[in-house]
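For reference, input_14.cif is printed below; it contains mmCIF, C-alpha atoms.
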data_structure
loop_
_atom_site.group_PDB
_atom_site.id
_atom_site.type_symbol
_atom_site.label_atom_id
_atom_site.label_comp_id
_atom_site.auth_asym_id
_atom_site.auth_seq_id
_atom_site.Cartn_x
_atom_site.Cartn_y
_atom_site.Cartn_z
ATOM 1 C CA MET A 1 0.000 0.000 0.000
ATOM 2 C CA ALA A 2 1.447 3.378 -1.017
ATOM 3 C CA LYS A 3 1.287 6.224 1.516
ATOM 4 C CA ARG A 4 1.744 9.970 1.317
ATOM 5 C CA ARG A 5 1.181 12.818 3.748
ATOM 6 C CA GLU A 6 -1.085 15.797 3.213
ATOM 7 C CA GLY A 7 -0.724 18.235 6.111
ATOM 8 C CA SER A 8 -1.634 16.440 9.324
ATOM 9 C CA SER A 9 -3.434 13.613 7.529
ATOM 10 C CA ARG A 10 -2.230 10.519 5.726
ATOM 11 C CA VAL A 11 -3.517 9.058 2.475
ATOM 12 C CA VAL A 12 -3.259 5.306 1.958
ATOM 13 C CA LYS A 13 -3.638 3.927 -1.567
ATOM 14 C CA LEU A 14 -4.975 0.387 -1.631
ATOM 15 C CA SER A 15 -4.339 -2.107 -4.410
ATOM 16 C CA LYS A 16 -7.892 -1.959 -5.777
ATOM 17 C CA GLY A 17 -7.441 1.668 -6.768
ATOM 18 C CA PHE A 18 -9.163 3.551 -3.989
ATOM 19 C CA ARG A 19 -7.819 5.767 -1.223
ATOM 20 C CA VAL A 20 -8.209 5.961 2.548
ATOM 21 C CA ARG A 21 -7.485 9.163 4.461
ATOM 22 C CA THR A 22 -6.568 9.013 8.143
ATOM 23 C CA TYR A 23 -6.371 11.934 10.571
ATOM 24 C CA GLU A 24 -4.254 13.353 13.346
ATOM 25 C CA PRO A 25 -5.571 11.799 16.586
ATOM 26 C CA ALA A 26 -7.433 14.133 18.908
ATOM 27 C CA PRO A 27 -5.444 14.999 22.060
ATOM 28 C CA GLU A 28 -6.308 13.599 25.473
ATOM 29 C CA GLY A 29 -9.347 15.327 26.947
ATOM 30 C CA PHE A 30 -10.605 16.504 23.547
ATOM 31 C CA ASP A 31 -14.370 17.155 23.601
ATOM 32 C CA PRO A 32 -15.866 17.234 20.080
ATOM 33 C CA ARG A 33 -19.000 18.968 21.358
ATOM 34 C CA ARG A 34 -16.955 22.043 22.310
ATOM 35 C CA ALA A 35 -14.434 21.976 19.467
ATOM 36 C CA THR A 36 -14.303 24.439 16.593
ATOM 37 C CA ASP A 37 -15.247 23.379 13.071
ATOM 38 C CA ARG A 38 -11.570 23.557 12.106
ATOM 39 C CA GLN A 39 -10.582 21.266 14.993
ATOM 40 C CA LEU A 40 -13.270 18.758 14.033
ATOM 41 C CA LEU A 41 -12.013 18.707 10.455
ATOM 42 C CA ARG A 42 -8.388 18.350 11.545
ATOM 43 C CA HIS A 43 -9.137 15.303 13.698
ATOM 44 C CA GLY A 44 -11.558 13.639 11.289
ATOM 45 C CA PHE A 45 -14.869 14.179 13.059
ATOM 46 C CA PRO A 46 -18.079 14.607 11.062
ATOM 47 C CA ARG A 47 -19.633 18.023 10.609
ATOM 48 C CA ARG A 48 -21.553 19.100 13.710
ATOM 49 C CA PRO A 49 -25.260 19.390 12.767
ATOM 50 C CA ASP A 50 -27.023 22.665 13.469
ATOM 51 C CA ALA A 51 -28.935 22.433 16.756
ATOM 52 C CA ARG A 52 -31.850 24.464 15.355
ATOM 53 C CA THR A 53 -32.323 23.244 11.785
ATOM 54 C CA GLU A 54 -30.981 19.691 12.233
ATOM 55 C CA ALA A 55 -32.073 18.964 15.796
ATOM 56 C CA ILE A 56 -32.596 15.209 15.273
ATOM 57 C CA TRP A 57 -29.153 14.665 13.808
ATOM 58 C CA ARG A 58 -27.529 16.978 16.372
ATOM 59 C CA ALA A 59 -28.930 14.896 19.240
ATOM 60 C CA ARG A 60 -27.485 11.719 17.704
ATOM 61 C CA TRP A 61 -24.158 13.469 17.004
ATOM 62 C CA ASP A 62 -23.856 14.660 20.604
ATOM 63 C CA LYS A 63 -24.638 11.182 21.940
ATOM 64 C CA ALA A 64 -22.127 9.512 19.627
ATOM 65 C CA PHE A 65 -19.255 11.747 20.740
ATOM 66 C CA THR A 66 -20.026 12.239 24.437
ATOM 67 C CA ARG A 67 -17.904 9.344 25.673
ATOM 68 C CA PRO A 68 -14.180 10.065 26.315
ATOM 69 C CA VAL A 69 -12.159 8.099 23.750
ATOM 70 C CA LYS A 70 -8.472 7.628 22.989
ATOM 71 C CA TRP A 71 -8.310 8.165 19.212
ATOM 72 C CA ILE A 72 -5.671 6.284 17.229
ATOM 73 C CA VAL A 73 -4.454 6.377 13.622
ATOM 74 C CA PRO A 74 -5.687 3.130 12.021
ATOM 75 C CA GLU A 75 -3.373 0.659 10.352
ATOM 76 C CA PHE A 76 -4.747 -1.518 7.546
ATOM 77 C CA ARG A 77 -4.135 -4.908 6.005
ATOM 78 C CA GLU A 78 -5.947 -6.033 2.879
ATOM 79 C CA MET A 79 -7.496 -9.500 3.163
ATOM 80 C CA PRO A 80 -7.356 -11.100 -0.309
ATOM 81 C CA GLY A 81 -9.869 -13.847 -0.882
ATOM 82 C CA ARG A 82 -12.183 -12.621 1.879
ATOM 83 C CA SER A 83 -15.215 -10.458 1.094
ATOM 84 C CA HIS A 84 -18.769 -9.692 2.199
ATOM 85 C CA GLY A 85 -20.846 -7.956 -0.438
ATOM 86 C CA PRO A 86 -24.533 -7.760 -1.347
ATOM 87 C CA MET A 87 -27.398 -9.807 0.021
ATOM 88 C CA ARG A 88 -27.831 -13.123 -1.781
ATOM 89 C CA PRO A 89 -31.343 -14.617 -1.873
ATOM 90 C CA GLY A 90 -31.728 -17.771 0.194
ATOM 91 C CA GLY A 91 -33.899 -20.843 -0.012
ATOM 92 C CA ARG A 92 -37.399 -20.166 1.171
ATOM 93 C CA ARG A 93 -38.535 -21.581 4.512
ATOM 94 C CA GLN A 94 -42.143 -22.053 5.494
ATOM 95 C CA GLY A 95 -43.856 -18.826 6.472
ATOM 96 C CA VAL A 96 -41.025 -16.570 5.272
ATOM 97 C CA ALA A 97 -40.969 -14.894 1.851
ATOM 98 C CA PRO A 98 -37.956 -14.891 -0.475
ATOM 99 C CA ALA A 99 -35.885 -11.746 -0.232
ATOM 100 C CA ALA A 100 -37.752 -8.761 -1.669
ATOM 101 C CA ALA A 101 -37.557 -5.056 -0.913
ATOM 102 C CA GLY A 102 -40.239 -4.013 1.544
ATOM 103 C CA ALA A 103 -41.051 -7.555 2.725
ATOM 104 C CA VAL A 104 -41.885 -7.902 6.417
ATOM 105 C CA ASN A 105 -39.810 -11.090 6.625
ATOM 106 C CA ALA A 106 -37.326 -12.435 4.078
ATOM 107 C CA THR A 107 -34.545 -14.990 3.613
ATOM 108 C CA SER A 108 -30.942 -14.725 2.453
ATOM 109 C CA GLY A 109 -28.105 -17.160 1.913
ATOM 110 C CA ASN A 110 -25.519 -14.900 3.582
ATOM 111 C CA TRP A 111 -27.281 -12.178 5.648
ATOM 112 C CA SER A 112 -29.261 -12.331 8.873
ATOM 113 C CA GLY A 113 -30.587 -9.271 10.677
ATOM 114 C CA ALA A 114 -32.548 -6.183 9.674
ATOM 115 C CA VAL A 115 -32.666 -4.031 6.539
ATOM 116 C CA ASP A 116 -34.408 -0.657 6.351
ATOM 117 C CA PHE A 117 -35.340 0.711 2.912
ATOM 118 C CA SER A 118 -35.316 4.442 2.227
ATOM 119 C CA ALA A 119 -38.190 6.231 0.586
ATOM 120 C CA ARG A 120 -37.546 7.085 -3.050
ATOM 121 C CA GLY A 121 -35.474 10.229 -3.378
ATOM 122 C CA ARG A 122 -34.336 10.045 0.262
ATOM 123 C CA PRO A 123 -30.942 8.278 0.274
ATOM 124 C CA TYR A 124 -29.365 7.288 3.563
ATOM 125 C CA ARG A 125 -26.496 9.520 4.642
ATOM 126 C CA TRP A 126 -25.456 7.718 7.832
ATOM 127 C CA VAL A 127 -25.997 4.492 9.740
ATOM 128 C CA ALA A 128 -25.044 3.583 13.314
ATOM 129 C CA GLY A 129 -25.194 0.571 15.582
ATOM 130 C CA GLN A 130 -23.701 -1.021 18.679
ATOM 131 C CA TRP A 131 -23.191 -4.684 19.522
ATOM 132 C CA THR A 132 -21.322 -7.035 21.858
ATOM 133 C CA VAL A 133 -18.610 -9.110 20.183
ATOM 134 C CA PRO A 134 -19.625 -12.786 20.485
ATOM 135 C CA ASN A 135 -17.433 -15.569 21.806
ATOM 136 C CA PRO A 136 -17.249 -17.903 18.780
ATOM 137 C CA HIS A 137 -17.670 -21.664 19.055
ATOM 138 C CA ALA A 138 -16.819 -24.357 16.511
ATOM 139 C CA PRO A 139 -19.739 -26.754 16.031
ATOM 140 C CA GLY A 140 -17.341 -29.296 14.481
ATOM 141 C CA SER A 141 -13.955 -29.633 12.831
ATOM 142 C CA GLY A 142 -12.949 -27.085 10.218
ATOM 143 C CA ALA A 143 -13.166 -23.306 9.854
ATOM 144 C CA TYR A 144 -16.227 -21.201 10.716
ATOM 145 C CA TYR A 145 -16.879 -17.477 10.237
ATOM 146 C CA ALA A 146 -19.374 -14.857 11.364
ATOM 147 C CA SER A 147 -19.276 -11.124 10.617
ATOM 148 C CA GLU A 148 -21.259 -8.557 12.621
ATOM 149 C CA TRP A 149 -21.574 -5.201 10.866
ATOM 150 C CA VAL A 150 -23.568 -2.098 9.987
ATOM 151 C CA GLY A 151 -23.739 -0.744 6.464
ATOM 152 C CA ILE A 152 -25.475 1.028 3.603
ATOM 153 C CA ASP A 153 -26.601 -0.550 0.298
ATOM 154 C CA GLY A 154 -26.307 -4.129 -0.929
ATOM 155 C CA TRP A 155 -29.982 -4.966 -1.556
ATOM 156 C CA ASN A 156 -31.137 -3.880 -5.024
ATOM 157 C CA SER A 157 -27.835 -2.005 -5.285
ATOM 158 C CA PRO A 158 -24.505 -3.472 -6.473
ATOM 159 C CA ASP A 159 -22.313 -1.742 -3.876
ATOM 160 C CA VAL A 160 -22.098 -2.203 -0.098
ATOM 161 C CA LEU A 161 -20.377 0.178 2.333
ATOM 162 C CA GLN A 162 -19.914 -1.705 5.607
ATOM 163 C CA ALA A 163 -17.765 -2.030 8.731
ATOM 164 C CA GLY A 164 -17.763 -4.554 11.531
ATOM 165 C CA ILE A 165 -16.134 -7.461 13.357
ATOM 166 C CA GLU A 166 -14.955 -10.836 12.039
ATOM 167 C CA THR A 167 -15.244 -13.759 14.459
ATOM 168 C CA GLN A 168 -13.418 -16.752 13.009
ATOM 169 C CA ILE A 169 -12.772 -20.073 14.715
ATOM 170 C CA THR A 170 -10.956 -23.117 13.369
ATOM 171 C CA GLN A 171 -11.091 -26.506 15.093
ATOM 172 C CA ILE A 172 -8.119 -28.801 14.442
ATOM 173 C CA LEU A 173 -8.276 -32.105 16.318
ATOM 174 C CA TRP A 174 -9.159 -30.990 19.861
ATOM 175 C CA PHE A 175 -7.779 -27.460 19.529
ATOM 176 C CA ASP A 176 -9.708 -24.277 18.700
ATOM 177 C CA ILE A 177 -7.921 -21.351 17.058
ATOM 178 C CA THR A 178 -9.863 -18.086 17.403
ATOM 179 C CA ASN A 179 -9.295 -14.910 15.393
ATOM 180 C CA VAL A 180 -11.362 -11.780 16.133
ATOM 181 C CA TYR A 181 -10.659 -8.446 14.419
ATOM 182 C CA THR A 182 -12.217 -5.240 13.068
ATOM 183 C CA TRP A 183 -12.620 -4.631 9.340
ATOM 184 C CA TRP A 184 -14.319 -2.485 6.706
ATOM 185 C CA GLU A 185 -15.231 -2.985 3.067
ATOM 186 C CA TRP A 186 -16.617 -1.003 0.143
ATOM 187 C CA PHE A 187 -17.722 -3.756 -2.209
ATOM 188 C CA PRO A 188 -16.753 -4.745 -4.901
ATOM 189 C CA ALA A 189 -13.321 -4.299 -3.272
ATOM 190 C CA SER A 190 -12.409 -6.951 -0.674
ATOM 191 C CA GLU A 191 -12.244 -6.795 3.116
ATOM 192 C CA VAL A 192 -9.638 -4.584 4.815
ATOM 193 C CA ALA A 193 -8.650 -5.377 8.403
ATOM 194 C CA ILE A 194 -7.888 -2.669 10.989
ATOM 195 C CA THR A 195 -4.875 -4.250 12.647
ATOM 196 C CA ASN A 196 -4.365 -1.915 15.623
ATOM 197 C CA LEU A 197 -7.948 -1.480 16.906
ATOM 198 C CA ASP A 198 -7.872 -4.371 19.354
ATOM 199 C CA VAL A 199 -11.060 -6.284 20.056
ATOM 200 C CA SER A 200 -11.927 -9.345 22.151
ATOM 201 C CA PRO A 201 -15.065 -11.430 22.726
ATOM 202 C CA GLY A 202 -17.346 -9.577 25.123
ATOM 203 C CA ASP A 203 -16.247 -6.102 24.026
ATOM 204 C CA VAL A 204 -18.964 -3.614 23.077
ATOM 205 C CA MET A 205 -18.365 -2.033 19.670
ATOM 206 C CA TYR A 206 -19.970 1.110 18.234
ATOM 207 C CA CYS A 207 -19.794 1.985 14.539
ATOM 208 C CA LEU A 208 -20.991 5.084 12.709
ATOM 209 C CA ILE A 209 -20.697 5.476 8.925
ATOM 210 C CA CYS A 210 -21.256 8.960 7.480
ATOM 211 C CA VAL A 211 -21.654 9.533 3.729
ATOM 212 C CA ASN A 212 -19.839 12.586 2.385
ATOM 213 C CA SER A 213 -20.807 12.048 -1.265
ATOM 214 C CA THR A 214 -21.716 9.151 -3.532
ATOM 215 C CA THR A 215 -18.000 8.275 -3.709
ATOM 216 C CA SER A 216 -16.766 9.184 -0.225
ATOM 217 C CA ALA A 217 -17.636 8.166 3.346
ATOM 218 C CA THR A 218 -16.109 8.391 6.822
ATOM 219 C CA VAL A 219 -16.106 5.492 9.284
ATOM 220 C CA TYR A 220 -16.009 5.987 13.080
ATOM 221 C CA PHE A 221 -15.261 2.847 15.072
ATOM 222 C CA THR A 222 -15.069 2.722 18.887
ATOM 223 C CA ASN A 223 -14.369 -0.114 21.281
ATOM 224 C CA GLN A 224 -16.643 1.032 24.104
ATOM 225 C CA SER A 225 -15.068 -1.464 26.506
ATOM 226 C CA THR A 226 -11.514 -0.137 26.097
ATOM 227 C CA ASN A 227 -12.461 3.455 25.156
ATOM 228 C CA VAL A 228 -10.242 3.342 22.064
ATOM 229 C CA GLY A 229 -11.514 4.544 18.696
ATOM 230 C CA THR A 230 -10.456 5.458 15.190
ATOM 231 C CA SER A 231 -11.810 7.273 12.139
ATOM 232 C CA PHE A 232 -10.903 7.353 8.444
ATOM 233 C CA THR A 233 -12.383 8.517 5.158
ATOM 234 C CA ILE A 234 -12.771 6.111 2.240
ATOM 235 C CA THR A 235 -12.861 6.955 -1.449
ATOM 236 C CA ALA A 236 -14.989 4.408 -3.321
ATOM 237 C CA PRO A 237 -13.424 1.863 -5.676
ATOM 238 C CA SER A 238 -13.233 3.094 -9.266
ATOM 239 C CA GLY A 239 -16.605 2.962 -10.996
ATOM 240 C CA THR A 240 -18.554 2.495 -7.737
ATOM 241 C CA THR A 241 -21.133 4.973 -6.424
ATOM 242 C CA LEU A 242 -23.286 4.778 -3.310
ATOM 243 C CA ALA A 243 -27.022 4.428 -3.935
ATOM 244 C CA GLY A 244 -28.126 4.954 -0.319
ATOM 245 C CA ASN A 245 -31.261 2.888 -0.884
ATOM 246 C CA CYS A 246 -31.020 0.773 2.286
ATOM 247 C CA ALA A 247 -29.339 0.602 5.687
ATOM 248 C CA GLU A 248 -28.649 -2.639 7.557
ATOM 249 C CA TRP A 249 -27.545 -4.292 10.808
ATOM 250 C CA ILE A 250 -26.308 -7.774 9.931
ATOM 251 C CA VAL A 251 -24.717 -11.039 11.010
ATOM 252 C CA GLU A 252 -23.194 -12.550 7.868
ATOM 253 C CA ARG A 253 -21.295 -15.609 6.751
ATOM 254 C CA PRO A 254 -18.667 -14.073 4.455
ATOM 255 C CA THR A 255 -17.159 -15.353 1.240
ATOM 256 C CA VAL A 256 -13.783 -17.004 1.845
ATOM 257 C CA GLY A 257 -11.708 -18.316 -1.043
ATOM 258 C CA GLY A 258 -14.624 -17.931 -3.446
ATOM 259 C CA SER A 259 -17.157 -19.907 -1.364
ATOM 260 C CA THR A 260 -19.714 -18.976 1.274
ATOM 261 C CA ALA A 261 -18.210 -19.897 4.646
ATOM 262 C CA ALA A 262 -19.793 -22.120 7.272
ATOM 263 C CA LEU A 263 -21.363 -20.001 10.019
ATOM 264 C CA THR A 264 -19.644 -19.700 13.406
ATOM 265 C CA ASP A 265 -21.749 -20.708 16.394
ATOM 266 C CA TYR A 266 -22.088 -17.246 17.931
ATOM 267 C CA ASP A 267 -25.076 -18.228 20.145
ATOM 268 C CA VAL A 268 -26.997 -14.919 20.454
ATOM 269 C CA GLU A 269 -26.048 -11.471 19.155
ATOM 270 C CA TYR A 270 -27.709 -8.190 20.164
ATOM 271 C CA PHE A 271 -27.585 -4.983 18.128
ATOM 272 C CA ASP A 272 -28.766 -1.759 19.764
ATOM 273 C CA GLU A 273 -28.635 1.968 18.992
ATOM 274 C CA CYS A 274 -29.791 0.940 15.492
ATOM 275 C CA GLN A 275 -30.521 4.110 13.536
ATOM 276 C CA ALA A 276 -29.960 5.585 10.087
ATOM 277 C CA GLY A 277 -30.437 9.100 8.702
ATOM 278 C CA TRP A 278 -31.726 10.151 5.292
ATOM 279 C CA VAL A 279 -31.984 13.309 3.210
ATOM 280 C CA GLY A 280 -34.289 14.289 0.373
ATOM 281 C CA GLY A 281 -37.092 16.590 -0.683
ATOM 282 C CA GLY A 282 -35.549 19.496 1.186
ATOM 283 C CA SER A 283 -35.743 17.688 4.539
ATOM 284 C CA ILE A 284 -33.793 15.286 6.742
ATOM 285 C CA GLY A 285 -35.028 12.431 8.872
ATOM 286 C CA LEU A 286 -34.212 9.502 11.093
ATOM 287 C CA ASP A 287 -35.162 5.845 10.661
ATOM 288 C CA ASP A 288 -34.867 2.902 13.055
ATOM 289 C CA LEU A 289 -36.001 -0.726 13.233
ATOM 290 C CA SER A 290 -39.712 0.091 13.412
ATOM 291 C CA GLY A 291 -40.224 -0.438 9.672
ATOM 292 C CA ALA A 292 -37.261 -2.707 8.941
ATOM 293 C CA THR A 293 -37.353 -6.022 7.080
ATOM 294 C CA SER A 294 -36.264 -9.043 9.156
ATOM 295 C CA VAL A 295 -33.879 -11.322 7.243
ATOM 296 C CA THR A 296 -33.380 -14.989 8.161
ATOM 297 C CA MET A 297 -30.202 -16.667 6.916
ATOM 298 C CA THR A 298 -30.900 -20.032 5.287
ATOM 299 C CA GLY A 299 -28.684 -22.908 4.161
ATOM 300 C CA GLY A 300 -29.100 -26.286 2.512
ATOM 301 C CA GLY A 301 -32.711 -27.235 1.863
ATOM 302 C CA GLY A 302 -33.907 -23.849 3.107
ATOM 303 C CA ALA A 303 -32.956 -24.669 6.715
ATOM 304 C CA SER A 304 -32.752 -21.636 9.004
ATOM 305 C CA LEU A 305 -29.192 -20.893 10.128
ATOM 306 C CA SER A 306 -29.567 -17.522 11.862
ATOM 307 C CA VAL A 307 -32.832 -15.850 12.873
ATOM 308 C CA PRO A 308 -33.437 -12.200 13.892
ATOM 309 C CA THR A 309 -35.981 -10.927 16.387
ATOM 310 C CA ILE A 310 -36.680 -7.186 16.438
ATOM 311 C CA GLU A 311 -37.263 -6.452 20.122
ATOM 312 C CA ASN A 312 -38.109 -2.744 19.764
ATOM 313 C CA ASN A 313 -37.335 0.252 17.525
ATOM 314 C CA HIS A 314 -33.620 0.242 18.409
ATOM 315 C CA LEU A 315 -32.846 -3.298 19.622
ATOM 316 C CA MET A 316 -32.539 -6.564 17.681
ATOM 317 C CA LYS A 317 -31.570 -10.088 18.733
ATOM 318 C CA VAL A 318 -30.026 -12.540 16.229
ATOM 319 C CA THR A 319 -29.878 -16.227 17.166
ATOM 320 C CA TRP A 320 -27.593 -18.913 15.717
ATOM 321 C CA LEU A 321 -29.249 -22.246 14.849
ATOM 322 C CA LYS A 322 -26.997 -24.120 12.382
ATOM 323 C CA SER A 323 -23.740 -23.660 10.455
ATOM 324 C CA SER A 324 -24.745 -24.584 6.904
#
Could you spell out this file's structure in structure tokens?
Amino acid sequence: MAKRREGSSRVVKLSKGFRVRTYEPAPEGFDPRRATDRQLLRHGFPRRPDARTEAIWRARWDKAFTRPVKWIVPEFREMPGRSHGPMRPGGRRQGVAPAAAGAVNATSGNWSGAVDFSARGRPYRWVAGQWTVPNPHAPGSGAYYASEWVGIDGWNSPDVLQAGIETQITQILWFDITNVYTWWEWFPASEVAITNLDVSPGDVMYCLICVNSTTSATVYFTNQSTNVGTSFTITAPSGTTLAGNCAEWIVERPTVGGSTAALTDYDVEYFDECQAGWVGGGSIGLDDLSGATSVTMTGGGGASLSVPTIENNHLMKVTWLKSS
């Protein structure tokens, strides 16, 4: 990966032809709510919404950046052969419709969770969510994967902008090898790991993705258990533009080496603080899980692998049932 400096920031050029900009970490004791616009820009924070004209977004902004955090400059490693990508329709199970925009319940071969569709002409500009990193279990010998993430697009749109946690476990004889790490992806480019944002099972992670334009977005990732966070701005892969037609909170079995991976036994996963913001028609707004589509992951023969339950407007439970 080629690197060059621009002022206090750093630009990383990845092999797929897109760029990532990192920022000078905020100093200890830095409070974004009291910082100047110039300071926010210097340290990579999103624009502070106007308290009068953008009251809904300002309330969410203040909540997201209230907690004291040690901000670090992220370090990246591309993960060839490992990707996430759009929702793939799954085999139908009784009582659940095949994947279709606007369905109350749907199935997918790789996604499980909730998807919220924007009204026409009102693309999503940000998505946020919080979850506890599961302790992965191997239901048998071999390698198993589960990815927990928030994102925009990927259902009736060819791109996906997403960031989350990979929980991989490999059982060899009587030994389990566990690998848990943070990552991001702007499909069709592959997964990129964040190598210095440490994460362990049981940690609470918060992720906010803000869209700057159809070809640029900024990711804010915080380990709420260690109070360490990072932010960076992504330029989309060449030829890719963000549609903003849906926002999602997902447990996924990723693609590894060209095949859909077997699903890690993650037991139960909870997502909370699930919200997304849209713009359009001269107005802005806020969506949550109240109108979201529930997506059940299915495997061979249409068997349910992972099933979501929307508990309330901001909280969702996802339950593991089978690996494939």
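One distance worth recording is that between atom CA of A:Thr182 and atom CA of A:Ile165, which is 4.5 Å.
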Using only C-alpha atoms, which residues of stretch 128-196 of chain A come within 12 Å of stretch 15-24 of chain A, and what is the closest atom pair for each, with the distance in Å to one decimal? Give it as a tab-separated table, sorted by chain and residue number.
residue	atom	partner	partner_atom	distance
A:Trp184	CA	A:Val20	CA	11.2
A:Glu185	CA	A:Phe18	CA	11.4
A:Trp186	CA	A:Phe18	CA	9.7
A:Phe187	CA	A:Lys16	CA	10.6
A:Pro188	CA	A:Lys16	CA	9.3
A:Ala189	CA	A:Lys16	CA	6.4
A:Ser190	CA	A:Lys16	CA	8.4
A:Glu191	CA	A:Lys16	CA	11.0
A:Val192	CA	A:Val20	CA	10.9
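The residues caught by the PyMOL selection byres ((chain A and resi 305) around 8) in this file are A:Leu263, A:Thr296, A:Met297, A:Thr298, A:Gly299, A:Ala303, A:Ser304, A:Ser306, A:Val307, A:Trp320, A:Leu321, A:Lys322, A:Ser323, A:Ser324.
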Surrounding residues of A:Val204 excluding itself and chain neighbours under 4 positions, 6 Å, all atoms listed in the file, as a list in words: Trp131, Thr132, Gln224 and Ser225 of chain A
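Remark: for A:Ile310, the closest of the candidate residues A:Thr195, A:Thr235, A:Asn105, A:Thr222 is A:Asn105 (distances computed over only C-alpha atoms).
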Please evaluate the PyMOL selection byres ((chain A and resi 50-54) around 12) against the displayed coordinates and give the resulting residues as a short mmCIF file (atom, residue, chain, number, x, y, z; two decimals) with C-alpha atoms, in the frame of the given file.
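Output below, filename out_33.cif:
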data_model
loop_
_atom_site.label_atom_id
_atom_site.label_comp_id
_atom_site.auth_asym_id
_atom_site.auth_seq_id
_atom_site.Cartn_x
_atom_site.Cartn_y
_atom_site.Cartn_z
CA ARG A 33 -19.00 18.97 21.36
CA ASP A 37 -15.25 23.38 13.07
CA ARG A 47 -19.63 18.02 10.61
CA ARG A 48 -21.55 19.10 13.71
CA PRO A 49 -25.26 19.39 12.77
CA ALA A 55 -32.07 18.96 15.80
CA ILE A 56 -32.60 15.21 15.27
CA TRP A 57 -29.15 14.66 13.81
CA ARG A 58 -27.53 16.98 16.37
CA ALA A 59 -28.93 14.90 19.24
CA ARG A 60 -27.48 11.72 17.70
CA TRP A 61 -24.16 13.47 17.00
CA ASP A 62 -23.86 14.66 20.60
CA GLY A 277 -30.44 9.10 8.70
CA TRP A 278 -31.73 10.15 5.29
CA VAL A 279 -31.98 13.31 3.21
CA GLY A 282 -35.55 19.50 1.19
CA SER A 283 -35.74 17.69 4.54
CA ILE A 284 -33.79 15.29 6.74
CA GLY A 285 -35.03 12.43 8.87
CA LEU A 286 -34.21 9.50 11.09
#
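The nearest approach to A:Phe76 among the residues A:Ala64, A:Ala26, A:Ile194, A:Ala106, with only C-alpha atoms taken into account, belongs to A:Ile194.
Every residue that the PyMOL selection byres ((chain A and resi 313-316) around 9) selects in this file is listed here: A:Gly113, A:Ala114, A:Gly129, A:Trp249, A:Glu269, A:Tyr270, A:Phe271, A:Asp272, A:Glu273, A:Cys274, A:Gln275, A:Asp288, A:Leu289, A:Ser290, A:Gly291, A:Pro308, A:Thr309, A:Ile310, A:Glu311, A:Asn312, A:Lys317, A:Val318.
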Can you write just those residues out, C-alpha atoms, as an mmCIF file, in the frame of the given file?
data_model
loop_
_atom_site.group_PDB
_atom_site.id
_atom_site.type_symbol
_atom_site.label_atom_id
_atom_site.label_comp_id
_atom_site.auth_asym_id
_atom_site.auth_seq_id
_atom_site.Cartn_x
_atom_site.Cartn_y
_atom_site.Cartn_z
ATOM 1 C CA GLY A 113 -30.587 -9.271 10.677
ATOM 2 C CA ALA A 114 -32.548 -6.183 9.674
ATOM 3 C CA GLY A 129 -25.194 0.571 15.582
ATOM 4 C CA TRP A 249 -27.545 -4.292 10.808
ATOM 5 C CA GLU A 269 -26.048 -11.471 19.155
ATOM 6 C CA TYR A 270 -27.709 -8.190 20.164
ATOM 7 C CA PHE A 271 -27.585 -4.983 18.128
ATOM 8 C CA ASP A 272 -28.766 -1.759 19.764
ATOM 9 C CA GLU A 273 -28.635 1.968 18.992
ATOM 10 C CA CYS A 274 -29.791 0.940 15.492
ATOM 11 C CA GLN A 275 -30.521 4.110 13.536
ATOM 12 C CA ASP A 288 -34.867 2.902 13.055
ATOM 13 C CA LEU A 289 -36.001 -0.726 13.233
ATOM 14 C CA SER A 290 -39.712 0.091 13.412
ATOM 15 C CA GLY A 291 -40.224 -0.438 9.672
ATOM 16 C CA PRO A 308 -33.437 -12.200 13.892
ATOM 17 C CA THR A 309 -35.981 -10.927 16.387
ATOM 18 C CA ILE A 310 -36.680 -7.186 16.438
ATOM 19 C CA GLU A 311 -37.263 -6.452 20.122
ATOM 20 C CA ASN A 312 -38.109 -2.744 19.764
ATOM 21 C CA LYS A 317 -31.570 -10.088 18.733
ATOM 22 C CA VAL A 318 -30.026 -12.540 16.229
#
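Residue nearest A:Pro27, chosen from A:Pro46, A:Gly202, A:Gly85, A:Pro68 and counting only C-alpha atoms: A:Pro68.
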Once 3 Å is added on each side, what are the centre and the three edge lengths, in Å to one decimal, of the axis-aligned box enclosing the listed atoms of stretch 155-174 of chain A? Present them as JSON.
{"center_x": -19.6, "center_y": -16.0, "center_z": 6.7, "size_x": 29.0, "size_y": 38.3, "size_z": 32.3}
Atom CA of A:Glu148 to atom CA of A:Asp287, distance in Å rounded to a single decimal: 20.1 Å
